[in-house]
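Enquirer: Contents are JSON, C-alpha atoms (C1' of nucleotides); file name start_20.json:
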```json
[["chain", "number", "residue", "atom", "x", "y", "z"],
["A", 1477, "MET", "CA", -83.49, -66.82, 37.06],
["A", 1478, "PRO", "CA", -79.91, -65.68, 36.78],
["A", 1479, "THR", "CA", -78.11, -67.32, 33.88],
["A", 1480, "LYS", "CA", -75.68, -70.02, 34.96],
["A", 1481, "THR", "CA", -72.29, -69.42, 33.41],
["A", 1482, "TYR", "CA", -69.48, -71.84, 32.73],
["A", 1483, "HIS", "CA", -66.06, -70.91, 31.41],
["A", 1484, "ILE", "CA", -65.03, -74.34, 30.17],
["A", 1485, "GLY", "CA", -66.81, -77.62, 29.56],
["A", 1486, "VAL", "CA", -65.07, -79.59, 32.25],
["A", 1487, "GLU", "CA", -66.64, -77.34, 34.87],
["A", 1488, "ALA", "CA", -70.08, -78.69, 34.06],
["A", 1489, "THR", "CA", -68.88, -82.28, 34.02],
["A", 1490, "MET", "CA", -67.26, -81.94, 37.41],
["A", 1491, "GLU", "CA", -70.38, -80.40, 38.85],
["A", 1492, "ILE", "CA", -72.13, -83.64, 37.94],
["A", 1493, "ILE", "CA", -69.61, -86.37, 38.68],
["A", 1494, "GLY", "CA", -67.44, -84.46, 41.16],
["A", 1495, "GLY", "CA", -67.41, -84.78, 44.91],
["A", 1496, "LYS", "CA", -66.38, -87.70, 47.06],
["A", 1497, "TRP", "CA", -69.10, -90.18, 46.10],
["A", 1498, "LYS", "CA", -70.74, -89.64, 42.72],
["A", 1499, "SER", "CA", -68.04, -91.14, 40.53],
["A", 1500, "ILE", "CA", -67.79, -94.17, 42.81],
["A", 1501, "ILE", "CA", -71.52, -94.76, 42.70],
["A", 1502, "LEU", "CA", -71.53, -94.37, 38.92],
["A", 1503, "CYS", "CA", -68.64, -96.80, 38.49],
["A", 1504, "HIS", "CA", -70.69, -99.45, 40.26],
["A", 1505, "LEU", "CA", -73.88, -98.72, 38.35],
["A", 1506, "ARG", "CA", -71.94, -98.91, 35.12],
["A", 1507, "HIS", "CA", -71.98, -102.70, 35.29],
["A", 1508, "GLN", "CA", -75.38, -103.44, 36.73],
["A", 1509, "THR", "CA", -78.62, -102.20, 38.15],
["A", 1510, "MET", "CA", -78.35, -102.17, 41.94],
["A", 1511, "ARG", "CA", -80.59, -101.88, 44.95],
["A", 1512, "THR", "CA", -79.90, -99.26, 47.59],
["A", 1513, "SER", "CA", -78.63, -101.88, 50.01],
["A", 1514, "GLU", "CA", -76.35, -103.41, 47.37],
["A", 1515, "LEU", "CA", -74.78, -100.05, 46.71],
["A", 1516, "ALA", "CA", -74.33, -99.53, 50.42],
["A", 1517, "ARG", "CA", -72.55, -102.86, 50.65],
["A", 1518, "ALA", "CA", -70.41, -102.13, 47.61],
["A", 1519, "ILE", "CA", -69.37, -98.79, 49.11],
["A", 1520, "PRO", "CA", -68.98, -99.60, 52.81],
["A", 1521, "GLN", "CA", -67.54, -96.18, 53.74],
["A", 1522, "ILE", "CA", -70.61, -94.23, 52.61],
["A", 1523, "SER", "CA", -73.37, -93.22, 55.00],
["A", 1524, "GLN", "CA", -77.07, -93.73, 54.30],
["A", 1525, "LYS", "CA", -77.56, -90.04, 54.07],
["A", 1526, "MET", "CA", -74.82, -89.45, 51.53],
["A", 1527, "LEU", "CA", -75.90, -92.41, 49.44],
["A", 1528, "THR", "CA", -79.46, -91.23, 48.98],
["A", 1529, "GLN", "CA", -78.45, -87.59, 48.68],
["A", 1530, "GLN", "CA", -75.97, -88.31, 45.89],
["A", 1531, "LEU", "CA", -78.41, -90.64, 44.13],
["A", 1532, "ARG", "CA", -81.03, -87.90, 44.22],
["A", 1533, "GLU", "CA", -78.63, -85.44, 42.63],
["A", 1534, "LEU", "CA", -77.64, -87.90, 39.93],
["A", 1535, "GLU", "CA", -81.31, -88.55, 39.30],
["A", 1536, "ASN", "CA", -81.99, -84.83, 38.91],
["A", 1537, "ALA", "CA", -79.17, -84.62, 36.39],
["A", 1538, "ASP", "CA", -80.79, -87.46, 34.41],
["A", 1539, "ILE", "CA", -77.74, -89.68, 34.90],
["A", 1540, "VAL", "CA", -79.37, -92.26, 37.12],
["A", 1541, "ALA", "CA", -82.86, -93.75, 37.02],
["A", 1542, "ARG", "CA", -84.75, -94.79, 40.13],
["A", 1543, "HIS", "CA", -87.15, -97.71, 39.96],
["A", 1544, "VAL", "CA", -89.48, -98.17, 42.90],
["A", 1545, "TYR", "CA", -91.21, -101.52, 43.34],
["A", 1546, "LYS", "CA", -94.48, -101.22, 45.19],
["A", 1547, "GLN", "CA", -93.93, -103.87, 47.84],
["A", 1548, "VAL", "CA", -93.13, -104.26, 51.50],
["A", 1549, "PRO", "CA", -90.42, -104.09, 52.61],
["A", 1550, "PRO", "CA", -89.56, -101.47, 49.98],
["A", 1551, "LYS", "CA", -87.39, -102.29, 47.00],
["A", 1552, "VAL", "CA", -85.70, -99.56, 45.01],
["A", 1553, "GLU", "CA", -83.29, -100.11, 42.16],
["A", 1554, "TYR", "CA", -80.92, -97.69, 40.51],
["A", 1555, "SER", "CA", -79.39, -97.84, 37.07],
["A", 1556, "LEU", "CA", -77.76, -95.53, 34.56],
["A", 1557, "THR", "CA", -80.10, -93.74, 32.20],
["A", 1558, "ASP", "CA", -79.33, -93.81, 28.48],
["A", 1559, "TYR", "CA", -77.77, -90.42, 28.94],
["A", 1560, "GLY", "CA", -75.82, -91.66, 31.94],
["A", 1561, "GLU", "CA", -74.42, -94.42, 29.74],
["A", 1562, "SER", "CA", -72.68, -91.70, 27.74],
["A", 1563, "LEU", "CA", -70.38, -91.34, 30.75],
["A", 1564, "SER", "CA", -69.49, -95.01, 30.78],
["A", 1565, "GLY", "CA", -66.29, -94.72, 28.77],
["A", 1566, "ILE", "CA", -65.04, -91.83, 30.86],
["A", 1567, "LEU", "CA", -65.85, -93.65, 34.10],
["A", 1568, "HIS", "CA", -63.95, -96.67, 32.91],
["A", 1569, "GLU", "CA", -60.91, -94.58, 32.05],
["A", 1570, "LEU", "CA", -61.05, -92.83, 35.41],
["A", 1571, "CYS", "CA", -61.00, -96.22, 37.11],
["A", 1572, "VAL", "CA", -58.16, -97.56, 35.05],
["A", 1573, "TRP", "CA", -56.05, -94.43, 35.41],
["A", 1574, "GLY", "CA", -56.56, -94.58, 39.15],
["A", 1575, "GLU", "CA", -55.49, -98.22, 39.27],
["A", 1576, "ASP", "CA", -52.32, -97.33, 37.37],
["A", 1577, "ASN", "CA", -51.74, -94.38, 39.66],
["A", 1578, "ILE", "CA", -51.95, -96.63, 42.69],
["A", 1579, "ASP", "CA", -49.52, -99.12, 41.14],
["A", 1580, "ARG", "CA", -47.16, -96.28, 40.38],
["A", 1581, "ARG", "CA", -47.25, -94.92, 43.92],
["A", 1582, "GLU", "CA", -46.80, -98.39, 45.33],
["A", 1583, "ALA", "CA", -43.77, -98.91, 43.09],
["A", 1584, "ALA", "CA", -42.43, -95.62, 44.45],
["A", 1585, "GLY", "CA", -42.56, -97.05, 47.96],
["A", 1586, "GLU", "CA", -45.83, -95.59, 49.18],
["A", 1587, "GLU", "CA", -47.88, -97.69, 51.60],
["A", 1588, "ILE", "CA", -51.03, -98.02, 49.57],
["A", 1589, "THR", "CA", -53.67, -100.64, 48.83],
["A", 1590, "LEU", "CA", -56.41, -101.07, 46.27],
["A", 1591, "LEU", "CA", -59.08, -103.45, 47.46],
["A", 1592, "SER", "CA", -60.79, -104.31, 44.22],
["A", 1593, "ARG", "CA", -59.72, -103.95, 40.65],
["A", 1594, "ASP", "CA", -62.89, -105.32, 39.18],
["A", 1595, "ASP", "CA", -63.60, -102.56, 36.74],
["A", 1596, "VAL", "CA", -63.33, -104.35, 33.38],
["B", 20, "MET", "CA", -47.37, -94.64, 58.31],
["B", 21, "PRO", "CA", -50.86, -96.13, 58.16],
["B", 22, "THR", "CA", -51.51, -97.79, 54.82],
["B", 23, "LYS", "CA", -53.71, -95.71, 52.54],
["B", 24, "THR", "CA", -56.59, -97.80, 51.28],
["B", 25, "TYR", "CA", -58.74, -97.35, 48.20],
["B", 26, "HIS", "CA", -61.75, -99.46, 47.31],
["B", 27, "ILE", "CA", -61.88, -98.64, 43.63],
["B", 28, "GLY", "CA", -59.53, -96.99, 41.14],
["B", 29, "VAL", "CA", -61.64, -93.93, 40.47],
["B", 30, "GLU", "CA", -61.20, -92.88, 44.10],
["B", 31, "ALA", "CA", -57.51, -92.27, 43.53],
["B", 32, "THR", "CA", -58.13, -90.41, 40.29],
["B", 33, "MET", "CA", -60.64, -88.10, 41.90],
["B", 34, "GLU", "CA", -58.30, -87.38, 44.76],
["B", 35, "ILE", "CA", -55.90, -86.00, 42.15],
["B", 36, "ILE", "CA", -58.12, -84.20, 39.65],
["B", 37, "GLY", "CA", -61.11, -83.58, 41.92],
["B", 38, "GLY", "CA", -62.11, -80.36, 43.60],
["B", 39, "LYS", "CA", -63.27, -77.13, 42.07],
["B", 40, "TRP", "CA", -60.07, -76.11, 40.28],
["B", 41, "LYS", "CA", -57.67, -78.91, 39.42],
["B", 42, "SER", "CA", -59.41, -80.21, 36.33],
["B", 43, "ILE", "CA", -59.83, -76.68, 34.99],
["B", 44, "ILE", "CA", -56.16, -75.89, 35.48],
["B", 45, "LEU", "CA", -55.18, -79.16, 33.81],
["B", 46, "CYS", "CA", -57.45, -78.54, 30.84],
["B", 47, "HIS", "CA", -55.60, -75.30, 30.19],
["B", 48, "LEU", "CA", -52.15, -76.79, 30.64],
["B", 49, "ARG", "CA", -53.09, -79.58, 28.27],
["B", 50, "HIS", "CA", -52.55, -77.26, 25.31],
["B", 51, "GLN", "CA", -49.58, -75.21, 26.40],
["B", 52, "THR", "CA", -47.07, -74.28, 29.03],
["B", 53, "MET", "CA", -48.38, -71.28, 30.95],
["B", 54, "ARG", "CA", -47.13, -68.70, 33.37],
["B", 55, "THR", "CA", -48.90, -68.15, 36.68],
["B", 56, "SER", "CA", -50.41, -64.88, 35.48],
["B", 57, "GLU", "CA", -51.59, -66.46, 32.25],
["B", 58, "LEU", "CA", -53.40, -69.15, 34.19],
["B", 59, "ALA", "CA", -54.92, -66.52, 36.43],
["B", 60, "ARG", "CA", -56.18, -64.67, 33.35],
["B", 61, "ALA", "CA", -57.47, -67.87, 31.78],
["B", 62, "ILE", "CA", -59.39, -68.74, 34.99],
["B", 63, "PRO", "CA", -60.65, -65.33, 36.14],
["B", 64, "GLN", "CA", -62.77, -66.74, 39.00],
["B", 65, "ILE", "CA", -59.83, -68.32, 40.81],
["B", 66, "SER", "CA", -58.01, -66.58, 43.64],
["B", 67, "GLN", "CA", -54.22, -66.28, 43.93],
["B", 68, "LYS", "CA", -54.27, -68.55, 46.92],
["B", 69, "MET", "CA", -56.26, -71.32, 45.28],
["B", 70, "LEU", "CA", -54.21, -71.13, 42.12],
["B", 71, "THR", "CA", -50.87, -71.68, 43.82],
["B", 72, "GLN", "CA", -52.28, -74.16, 46.30],
["B", 73, "GLN", "CA", -53.76, -76.34, 43.58],
["B", 74, "LEU", "CA", -50.63, -76.07, 41.46],
["B", 75, "ARG", "CA", -48.55, -77.20, 44.43],
["B", 76, "GLU", "CA", -50.75, -80.21, 44.93],
["B", 77, "LEU", "CA", -50.60, -81.14, 41.27],
["B", 78, "GLU", "CA", -46.84, -80.76, 41.41],
["B", 79, "ASN", "CA", -46.64, -83.10, 44.40],
["B", 80, "ALA", "CA", -48.66, -85.67, 42.48],
["B", 81, "ASP", "CA", -46.17, -85.40, 39.60],
["B", 82, "ILE", "CA", -48.87, -84.19, 37.22],
["B", 83, "VAL", "CA", -47.54, -80.67, 36.74],
["B", 84, "ALA", "CA", -43.97, -79.39, 36.45],
["B", 85, "ARG", "CA", -42.90, -76.00, 37.76],
["B", 86, "HIS", "CA", -40.12, -74.11, 35.99],
["B", 87, "VAL", "CA", -38.68, -71.11, 37.81],
["B", 88, "TYR", "CA", -36.68, -68.56, 35.83],
["B", 89, "LYS", "CA", -34.18, -66.72, 37.96],
["B", 90, "GLN", "CA", -35.07, -63.17, 37.03],
["B", 91, "VAL", "CA", -36.85, -60.11, 38.35],
["B", 92, "PRO", "CA", -39.77, -59.76, 38.28],
["B", 93, "PRO", "CA", -40.17, -63.50, 38.81],
["B", 94, "LYS", "CA", -41.21, -65.77, 35.98],
["B", 95, "VAL", "CA", -42.65, -69.20, 36.70],
["B", 96, "GLU", "CA", -44.04, -71.55, 34.13],
["B", 97, "TYR", "CA", -46.21, -74.61, 34.55],
["B", 98, "SER", "CA", -46.68, -77.53, 32.22],
["B", 99, "LEU", "CA", -47.89, -81.12, 32.31],
["B", 100, "THR", "CA", -45.26, -83.70, 33.18],
["B", 101, "ASP", "CA", -44.96, -86.77, 30.97],
["B", 102, "TYR", "CA", -47.07, -88.58, 33.52],
["B", 103, "GLY", "CA", -49.56, -85.72, 33.54],
["B", 104, "GLU", "CA", -49.89, -86.13, 29.78],
["B", 105, "SER", "CA", -51.39, -89.54, 30.46],
["B", 106, "LEU", "CA", -54.45, -87.65, 31.69],
["B", 107, "SER", "CA", -54.77, -85.65, 28.49],
["B", 108, "GLY", "CA", -57.29, -87.93, 26.79],
["B", 109, "ILE", "CA", -59.49, -88.07, 29.87],
["B", 110, "LEU", "CA", -59.36, -84.30, 30.32],
["B", 111, "HIS", "CA", -60.39, -83.80, 26.72],
["B", 112, "GLU", "CA", -63.34, -86.13, 27.12],
["B", 113, "LEU", "CA", -64.40, -84.41, 30.32],
["B", 114, "CYS", "CA", -64.42, -81.10, 28.46],
["B", 115, "VAL", "CA", -66.36, -82.41, 25.51],
["B", 116, "TRP", "CA", -68.91, -84.22, 27.65],
["B", 117, "GLY", "CA", -69.44, -81.03, 29.63],
["B", 118, "GLU", "CA", -69.98, -79.02, 26.47],
["B", 119, "ASP", "CA", -72.58, -81.53, 25.32],
["B", 120, "ASN", "CA", -74.19, -81.45, 28.74],
["B", 121, "ILE", "CA", -74.51, -77.68, 28.58],
["B", 122, "ASP", "CA", -76.03, -77.88, 25.08],
["B", 123, "ARG", "CA", -78.46, -80.48, 26.35],
["B", 124, "ARG", "CA", -79.55, -78.38, 29.30],
["B", 125, "GLU", "CA", -79.88, -75.32, 27.12],
["B", 126, "ALA", "CA", -82.05, -77.28, 24.70],
["B", 127, "ALA", "CA", -84.17, -78.26, 27.70],
["B", 128, "GLY", "CA", -84.81, -74.59, 28.43],
["B", 129, "GLU", "CA", -82.27, -73.94, 31.14],
["B", 130, "GLU", "CA", -80.66, -70.51, 31.29],
["B", 131, "ILE", "CA", -77.08, -71.47, 30.80],
["B", 132, "THR", "CA", -73.98, -70.19, 29.02],
["B", 133, "LEU", "CA", -70.60, -71.62, 28.10],
["B", 134, "LEU", "CA", -68.06, -68.89, 27.51],
["B", 135, "SER", "CA", -65.42, -70.78, 25.60],
["B", 136, "ARG", "CA", -65.51, -74.00, 23.74],
["B", 137, "ASP", "CA", -61.90, -73.91, 22.70],
["B", 138, "ASP", "CA", -60.95, -77.36, 23.87],
["B", 139, "VAL", "CA", -59.94, -79.09, 20.62],
["C", 906, "DT", "C1'", -36.23, -42.40, 46.63],
["C", 907, "DC", "C1'", -40.41, -44.39, 45.12],
["C", 908, "DT", "C1'", -43.07, -47.34, 42.21],
["C", 909, "DA", "C1'", -44.09, -51.11, 39.12],
["C", 910, "DA", "C1'", -43.98, -55.91, 38.22],
["C", 911, "DT", "C1'", -44.64, -61.10, 39.41],
["C", 912, "DA", "C1'", -45.25, -64.91, 42.36],
["C", 913, "DG", "C1'", -46.18, -66.28, 46.57],
["C", 914, "DT", "C1'", -47.52, -66.57, 51.78],
["C", 915, "DT", "C1'", -50.33, -65.86, 55.82],
["C", 916, "DA", "C1'", -54.22, -65.07, 59.01],
["C", 917, "DC", "C1'", -58.85, -65.08, 59.30],
["C", 918, "DC", "C1'", -63.48, -66.00, 57.95],
["C", 919, "DT", "C1'", -67.49, -68.23, 55.30],
["C", 920, "DT", "C1'", -69.48, -71.87, 52.78],
["C", 921, "DT", "C1'", -69.88, -76.38, 51.52],
["C", 922, "DT", "C1'", -69.58, -81.06, 52.40],
["C", 923, "DG", "C1'", -69.96, -85.00, 55.10],
["C", 924, "DG", "C1'", -71.10, -87.72, 59.50],
["C", 925, "DT", "C1'", -74.17, -89.24, 63.49],
["C", 926, "DG", "C1'", -78.10, -90.56, 65.54],
["C", 927, "DG", "C1'", -82.53, -90.38, 65.72],
["C", 928, "DG", "C1'", -87.18, -91.12, 63.49],
["C", 929, "DT", "C1'", -90.83, -92.49, 59.71],
["C", 930, "DA", "C1'", -93.89, -95.96, 56.86],
["C", 931, "DG", "C1'", -96.42, -100.25, 56.39],
["C", 932, "DG", "C1'", -97.10, -105.05, 55.52],
["C", 933, "DG", "C1'", -95.31, -109.81, 57.18],
["C", 934, "DC", "C1'", -95.01, -112.85, 60.77],
["C", 935, "DA", "C1'", -94.23, -115.04, 65.54],
["D", 257, "DT", "C1'", -99.30, -107.22, 70.10],
["D", 258, "DG", "C1'", -94.90, -106.13, 68.92],
["D", 259, "DC", "C1'", -90.92, -106.50, 66.17],
["D", 260, "DC", "C1'", -88.66, -107.07, 61.59],
["D", 261, "DC", "C1'", -87.49, -105.37, 57.06],
["D", 262, "DT", "C1'", -85.96, -101.63, 53.56],
["D", 263, "DA", "C1'", -85.55, -97.18, 52.09],
["D", 264, "DC", "C1'", -85.23, -92.68, 53.42],
["D", 265, "DC", "C1'", -85.89, -88.26, 55.97],
["D", 266, "DC", "C1'", -84.50, -84.82, 59.45],
["D", 267, "DA", "C1'", -81.94, -82.07, 62.97],
["D", 268, "DC", "C1'", -77.72, -81.23, 64.48],
["D", 269, "DC", "C1'", -72.68, -81.06, 64.52],
["D", 270, "DA", "C1'", -67.71, -81.41, 62.63],
["D", 271, "DA", "C1'", -64.45, -81.04, 59.12],
["D", 272, "DA", "C1'", -62.83, -79.66, 54.73],
["D", 273, "DA", "C1'", -62.71, -76.54, 51.02],
["D", 274, "DG", "C1'", -62.60, -72.19, 49.42],
["D", 275, "DG", "C1'", -62.59, -66.81, 49.62],
["D", 276, "DT", "C1'", -60.60, -62.15, 51.13],
["D", 277, "DA", "C1'", -57.26, -59.07, 52.16],
["D", 278, "DA", "C1'", -52.99, -57.73, 53.56],
["D", 279, "DC", "C1'", -48.27, -58.81, 53.43],
["D", 280, "DT", "C1'", -43.44, -60.50, 51.53],
["D", 281, "DA", "C1'", -39.18, -60.35, 48.22],
["D", 282, "DT", "C1'", -36.38, -58.39, 44.46],
["D", 283, "DT", "C1'", -34.63, -55.32, 41.00],
["D", 284, "DA", "C1'", -35.37, -52.18, 37.04],
["D", 285, "DG", "C1'", -36.29, -47.76, 35.99],
["D", 286, "DA", "C1'", -38.69, -42.95, 36.50]]
```
The structure in this file should be written as structure tokens.
Expert:
Amino acid sequence: MPTKTYHIGVEATMEIIGGKWKSIILCHLRHQTMRTSELARAIPQISQKMLTQQLRELENADIVARHVYKQVPPKVEYSLTDYGESLSGILHELCVWGEDNIDRREAAGEEITLLSRDDV
Amino acid sequence: MPTKTYHIGVEATMEIIGGKWKSIILCHLRHQTMRTSELARAIPQISQKMLTQQLRELENADIVARHVYKQVPPKVEYSLTDYGESLSGILHELCVWGEDNIDRREAAGEEITLLSRDDV
DNA sequence: TCTAATAGTTACCTTTTGGTGGGTAGGGCA
DNA sequence: TGCCCTACCCACCAAAAGGTAACTATTAGA
């Protein structure tokens, strides 16, 4: 296998939490274990496909754990792994900085809304 | 203009520092003001086009300041704005977490290299 | 006159990412 | 029997992101 090369640490981090959905998913899982359908409700803009695809990738990176309950209809829960918890502080700061950024842009006259500010 | 809507703070943050290049550029500017050519040397994989495009976008978000010296050949310097400095802590953590992640994957047997670990 | 030097733009193409709509499994229940 | 439920998979298409290469301007200096 050809050796994977990074030039700076942040490159690796962004490969894991980057993209349109991963950081959002992780911000939700930071507070609680959630079922697939709960995540879908918490992130109404995401499609089924993207949700499971991103969860699979986070699982492969050992950030998210998948718990399958053997029952019908199926029940699957996702939560942060211990290693995933090491991202918790960063995720929180990303949320808070974004909230401030939105306030700032609103104060500057931009038409902008933040629906929930529940990241505590 | 249609109101821009976010569901969670991190969405706004990622819109600003997301993508393949922005966080890398910002990590370099965190330590020092840099000329265009210095940035290009510090990030050898980036193309001219991407470098200026990303810098423009960071400038529009008031994260990066552009200083043009009226001389020939041209000299242009980039640095974090005061507001951009508010990302400094997060950028540092993203770097450090990535370095740890690379160590972890290397320890797990993955063929992986980190060229510089100079984010202090 | 010709070239080097720096920063930047543009047109064009490829790759990656994301969206849509369909389909699966398998037990519960009317 | 036939339909519901949840999770999830696949084929296909559209849009966004990124890469390549050629071009610009300007002036110092060989």
Enquirer: Residues of chain A within 7 Å of chain D, using only C-alpha atoms (C1' of nucleotides), as a ChimeraX atom specification?
Expert: /A:1549-1551
Enquirer: What does the distance from atom CA of Gln1530 of chain A to atom CA of Met33 of chain B come to in Å, to one decimal?
Expert: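 Value for the atom CA of Gln1530 of chain A-atom CA of Met33 of chain B distance: 15.8 Å.
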Enquirer: May I ask you to extract the residues of chain C within 8 Å of chain A, using all atoms listed in the file, and to give them as a PyMOL selection string?
Expert: chain C and resi 923-924+931-932
Enquirer: Using only C-alpha atoms (C1' of nucleotides), please write the residues we just selected to a file, as an mmCIF file, keeping the file's coordinate frame.
Expert:
```
data_model
loop_
_atom_site.group_PDB
_atom_site.id
_atom_site.type_symbol
_atom_site.label_atom_id
_atom_site.label_comp_id
_atom_site.auth_asym_id
_atom_site.auth_seq_id
_atom_site.Cartn_x
_atom_site.Cartn_y
_atom_site.Cartn_z
ATOM 1 C "C1'" DG C 923 -69.960 -85.000 55.100
ATOM 2 C "C1'" DG C 924 -71.100 -87.720 59.500
ATOM 3 C "C1'" DG C 931 -96.420 -100.250 56.390
ATOM 4 C "C1'" DG C 932 -97.100 -105.050 55.520
#
```
Enquirer: Under the rule of at most 6 Å, produce a per-residue listing of chain A near chain B: chain, number, name, the closest pair of atoms, and the distance in Å, as a Markdown table, using all atoms listed in the file.
Expert:
```
| residue | atom | partner | partner_atom | distance |
| --- | --- | --- | --- | --- |
| A:Thr1479 | CA | B:Glu130 | CA | 4.8 |
| A:Lys1480 | CA | B:Ile131 | CA | 4.6 |
| A:Thr1481 | CA | B:Thr132 | CA | 4.8 |
| A:Tyr1482 | CA | B:Leu133 | CA | 4.8 |
| A:His1483 | CA | B:Leu134 | CA | 4.8 |
| A:Ile1484 | CA | B:Ser135 | CA | 5.8 |
| A:Gly1485 | CA | B:Gly117 | CA | 4.3 |
| A:Val1486 | CA | B:Cys114 | CA | 4.1 |
| A:Ala1488 | CA | B:Gly117 | CA | 5.1 |
| A:Thr1489 | CA | B:Gly117 | CA | 4.6 |
| A:Leu1570 | CA | B:Val29 | CA | 5.2 |
| A:Cys1571 | CA | B:Val29 | CA | 4.1 |
| A:Gly1574 | CA | B:Gly28 | CA | 4.3 |
| A:Glu1575 | CA | B:Gly28 | CA | 4.6 |
| A:Glu1587 | CA | B:Thr22 | CA | 4.9 |
| A:Ile1588 | CA | B:Lys23 | CA | 4.6 |
| A:Thr1589 | CA | B:Thr24 | CA | 4.8 |
| A:Leu1590 | CA | B:Tyr25 | CA | 4.8 |
| A:Leu1591 | CA | B:His26 | CA | 4.8 |
| A:Ser1592 | CA | B:Ile27 | CA | 5.8 |
```
Enquirer: Quick one: write out the picked residues with C-alpha atoms as an mmCIF file, in the frame of the given file?
Expert:
```cif
data_model
loop_
_atom_site.group_PDB
_atom_site.id
_atom_site.type_symbol
_atom_site.label_atom_id
_atom_site.label_comp_id
_atom_site.auth_asym_id
_atom_site.auth_seq_id
_atom_site.Cartn_x
_atom_site.Cartn_y
_atom_site.Cartn_z
ATOM 1 C CA THR A 1479 -78.110 -67.320 33.880
ATOM 2 C CA LYS A 1480 -75.680 -70.020 34.960
ATOM 3 C CA THR A 1481 -72.290 -69.420 33.410
ATOM 4 C CA TYR A 1482 -69.480 -71.840 32.730
ATOM 5 C CA HIS A 1483 -66.060 -70.910 31.410
ATOM 6 C CA ILE A 1484 -65.030 -74.340 30.170
ATOM 7 C CA GLY A 1485 -66.810 -77.620 29.560
ATOM 8 C CA VAL A 1486 -65.070 -79.590 32.250
ATOM 9 C CA ALA A 1488 -70.080 -78.690 34.060
ATOM 10 C CA THR A 1489 -68.880 -82.280 34.020
ATOM 11 C CA LEU A 1570 -61.050 -92.830 35.410
ATOM 12 C CA CYS A 1571 -61.000 -96.220 37.110
ATOM 13 C CA GLY A 1574 -56.560 -94.580 39.150
ATOM 14 C CA GLU A 1575 -55.490 -98.220 39.270
ATOM 15 C CA GLU A 1587 -47.880 -97.690 51.600
ATOM 16 C CA ILE A 1588 -51.030 -98.020 49.570
ATOM 17 C CA THR A 1589 -53.670 -100.640 48.830
ATOM 18 C CA LEU A 1590 -56.410 -101.070 46.270
ATOM 19 C CA LEU A 1591 -59.080 -103.450 47.460
ATOM 20 C CA SER A 1592 -60.790 -104.310 44.220
#
```
Enquirer: What's the separation between atom CA of Gly128 of chain B and atom C1' of DT920 of chain C, in Å to one decimal place?
Expert: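 According to the coordinates, atom CA of Gly128 of chain B and atom C1' of DT920 of chain C are separated by 28.9 Å.
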Enquirer: Draw an axis-aligned box over all listed atoms of segment 33-40 of chain B, pad each side with 4 Å, and write its centre and edge lengths in Å, one decimal, as lines of an AutoDock Vina configuration file.
Expert:
```
center_x = -59.6
center_y = -82.1
center_z = 42.2
size_x = 15.4
size_y = 20.0
size_z = 13.1
```
Enquirer: Just how far from atom CA of Leu77 of chain B is atom CA of Arg54 of chain B, in Å to one decimal?
Expert: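 Taking atom CA of Arg54 of chain B and atom CA of Leu77 of chain B, their separation equals 15.1 Å.
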Enquirer: Would you kindly return, as a list in words, each protein, DNA or RNA residue with an atom no farther than 6 Å from any atom of Glu96 of chain B, considering all atoms listed in the file and excluding same-chain residues fewer than 4 positions away?
Expert: Met53, Arg54, Arg85 and His86 of chain B
